[in-house]
2 protein chains.
Amino acid sequence: MPHHGDATREGEIAADLPPASDAGLRFIGRIETPFITRGDCPRQGDMENGPDCVLNLAPIYGPALREIGKRRHLQVFYWLHAARRDMLVQRRKGEGPMMGTFALRSPLRPNPIGVSVVRLLRVEGTRLFVRGLDCLDGTPLLDIKPITCREEMR
Amino acid sequence: MPHHGDATREGEIAADLPPASDAGLRFIGRIETPFITRGDCPRQGDMENGPDCVLNLAPIYGPALREIGKRRHLQVFYWLHAARRDMLVQRRKGEGPMMGTFALRSPLRPNPIGVSVVRLLRVEGTRLFVRGLDCLDGTPLLDIKPITCREEMR
């Protein structure tokens with residue numbers, strides 16, 4: 001998978017996009033996973049048999065976790081900080097036909113936001129132990145939302 | 001539902017959060033819906049019977065839509081531009097017990113990113129007609145990702 005700094009390959013299209021200054025994000029913490037390189041990351045997280053990971057929030061967000069321990073599943077938003085952001089046409093995993101970026105779930109996108117559904121195992125202060133992530137260790141955390149049954153089925 | 005500019009209510013907790021300058025977003029377009037005020041917005045989008053809405057992308061993103069017409073369902077990311085971002089503890093819809101922001105799906109959150117699954121009806125240039133949104137007309141669009149069966153079931 002190409003990453004920031006990689007050259008554009010034949011057939012791929014990169015664009016000179018407008019500056020990313022329409023809105024600003026604050027990182028609310030970091031995600032701890034056992035995946036140190038991209039090669040370590042599974043294709044998709046596994047809520048049952050995947051490794052335990054930690055959503056490590058900055059202490060200021062402690063009050064925002066009130067009642068979260070009652071939830072079994074969470075939707076986690078994170079920032080794919082290693083991804084280049086100018087690719088419009090690319091190949092899935094460097095193979096197969098050229099596809100538009102919005103027809104792929106590649107991390108290389110104009111706003112590289114990842115979202116995963118995880119199972120909540122336990123809460124220790126502002127550290128949430130979860131299962132189901134596939135992102136790199138140190139990935140910046142953006143948000144956590146509860147998932148209701150209805151949303152799980154969508 | 002409180003919005004930007006509303007006073008904090010008794011029991012709610014707002015925080016003086018760090019600046020939102022860890023990463024920048026670029027709006028890739030705007031969403032057109034029939035919902036002009038918050039009161040018009042349904043509690044949740046309806047992919048079957050909801051109104052047709054449009055994901056209106058800036059022309060520069062045209063190439064990034066290649067092959068998207070083959071997809072039936074899309075995950076749409078957008079920026080909840082009207083939401084205040086400093087609430088840590090709040091009440092769901094102004095009712096019920098005080099809850100931590102991360103235990104709620106309220107739009108009032110440190111990084112107000114919304115995500116919905118929609119049904120793709122048709123594509124006309126850089127305008128995607130979809131069903132299943134519940135956001136305000138004019139909402140800034142951040143990203144579009146295809147949904148596979150497996151992800152729909154998660």
# chains A, B, ... in the order shown; residues from 1 in each chain; ligands from 1

$ residues_around --residues "Ala23 in chain A" --least-positions-apart "4" --cutoff "9 Å" --atoms "only C-alpha atoms" --output "ChimeraX atom specification"
/B:20-21,23-27,79,81

$ interface_residues --of "chain A" --to "chain B" --cutoff "7 Å" --atoms "only C-alpha atoms" --output "count of residues only"
34

$ residues_around --residues "Pro51 in chain B" --least-positions-apart "5" --cutoff "8 Å" --atoms "only C-alpha atoms" --output "list in words"
Thr33, Pro34, Arg131 and Gly132 of chain B

$ select_by_dssp --residues "chain A" --states "strand (DSSP E)" --output "PyMOL selection string"
chain A and resi 13-14+23-25+29-32+52-57+73-79+87-92+95-100+113-124+127-131+139-146

$ atom_distance --atom1 "CA of Pro59 in chain A" --atom2 "CA of Leu120 in chain A"
19.0 Å

$ atom_distance --atom1 "CA of Leu121 in chain B" --atom2 "CA of Arg92 in chain A"
24.2 Å

$ closest_residue --among "B:Leu80, B:Gly96, B:Leu136, B:Arg38" --to "Gly11 in chain B" --atoms "only C-alpha atoms"
B:Gly96

$ residues_around --residues "Leu57 in chain A" --least-positions-apart "4" --cutoff "9 Å" --atoms "only C-alpha atoms" --output "mmCIF file with C-alpha atoms, in the first residue's frame"
data_model
loop_
_atom_site.group_PDB
_atom_site.id
_atom_site.type_symbol
_atom_site.label_atom_id
_atom_site.label_comp_id
_atom_site.auth_asym_id
_atom_site.auth_seq_id
_atom_site.Cartn_x
_atom_site.Cartn_y
_atom_site.Cartn_z
ATOM 1 C CA ILE A 28 -8.455 13.488 22.251
ATOM 2 C CA GLY A 29 -5.875 10.774 22.898
ATOM 3 C CA ARG A 30 -3.933 7.978 21.259
ATOM 4 C CA ILE A 31 -4.737 4.388 20.415
ATOM 5 C CA TYR A 61 -11.842 14.074 28.816
ATOM 6 C CA GLY A 62 -12.471 11.979 31.939
ATOM 7 C CA THR A 126 -9.376 7.317 30.986
ATOM 8 C CA ARG A 127 -8.105 4.070 29.436
ATOM 9 C CA LEU A 128 -10.687 1.980 27.572
ATOM 10 C CA LEU A 141 -8.008 9.270 18.558
#

$ select_by_dssp --residues "chain B" --states "helix (DSSP H, G or I)" --output "list of chain:residue names"
B:Arg38, B:Gly39, B:Asp40, B:Pro59, B:Ile60, B:Tyr61, B:Gly62, B:Pro63, B:Ala64, B:Leu65, B:Ile68, B:Gly69, B:Lys70, B:Thr101, B:Phe102, B:Ala103, B:Cys149, B:Arg150, B:Glu151, B:Glu152, B:Met153

$ atom_distance --atom1 "CA of Cys41 in chain A" --atom2 "CA of Glu124 in chain A"
25.2 Å

$ decode --residues "range 59-76 of chain A" --atoms "N, CA and C atoms" --output "CSV table (one decimal), in the first residue's frame"
chain,number,residue,atom,x,y,z
A,59,PRO,N,-6.4,13.2,30.1
A,59,PRO,CA,-7.2,13.2,31.3
A,59,PRO,C,-8.4,14.2,31.3
A,60,ILE,N,-8.2,15.3,30.6
A,60,ILE,CA,-9.3,16.4,30.5
A,60,ILE,C,-10.6,15.8,30.1
A,61,TYR,N,-10.6,14.7,29.3
A,61,TYR,CA,-11.8,14.1,28.8
A,61,TYR,C,-12.5,13.1,29.8
A,62,GLY,N,-11.9,12.9,31.0
A,62,GLY,CA,-12.5,12.0,31.9
A,62,GLY,C,-14.0,12.1,32.1
A,63,PRO,N,-14.5,13.4,32.4
A,63,PRO,CA,-15.9,13.5,32.6
A,63,PRO,C,-16.8,13.0,31.4
A,64,ALA,N,-16.2,13.1,30.2
A,64,ALA,CA,-17.0,12.7,29.0
A,64,ALA,C,-17.2,11.2,28.9
A,65,LEU,N,-16.6,10.4,29.8
A,65,LEU,CA,-16.7,9.0,29.8
A,65,LEU,C,-17.8,8.5,30.7
A,66,ARG,N,-18.5,9.4,31.4
A,66,ARG,CA,-19.6,9.0,32.4
A,66,ARG,C,-20.6,8.1,31.7
A,67,GLU,N,-20.8,7.0,32.3
A,67,GLU,CA,-21.8,6.0,31.8
A,67,GLU,C,-21.4,5.1,30.7
A,68,ILE,N,-20.1,5.4,30.2
A,68,ILE,CA,-19.7,4.6,29.0
A,68,ILE,C,-19.5,3.1,29.3
A,69,GLY,N,-19.2,2.8,30.6
A,69,GLY,CA,-18.9,1.4,31.0
A,69,GLY,C,-20.1,0.5,30.8
A,70,LYS,N,-21.3,1.1,30.6
A,70,LYS,CA,-22.5,0.3,30.4
A,70,LYS,C,-22.7,-0.1,29.0
A,71,ARG,N,-21.9,0.4,28.1
A,71,ARG,CA,-22.0,0.1,26.7
A,71,ARG,C,-21.1,-1.1,26.3
A,72,ARG,N,-21.6,-1.9,25.4
A,72,ARG,CA,-20.9,-3.1,25.0
A,72,ARG,C,-20.1,-2.9,23.7
A,73,HIS,N,-20.7,-2.0,22.9
A,73,HIS,CA,-20.0,-1.8,21.6
A,73,HIS,C,-19.8,-0.2,21.4
A,74,LEU,N,-18.7,0.1,20.8
A,74,LEU,CA,-18.4,1.5,20.6
A,74,LEU,C,-18.0,1.7,19.1
A,75,GLN,N,-18.3,2.9,18.6
A,75,GLN,CA,-17.8,3.3,17.3
A,75,GLN,C,-16.6,4.2,17.5
A,76,VAL,N,-15.4,3.9,17.1
A,76,VAL,CA,-14.2,4.6,17.3
A,76,VAL,C,-13.8,5.4,16.1
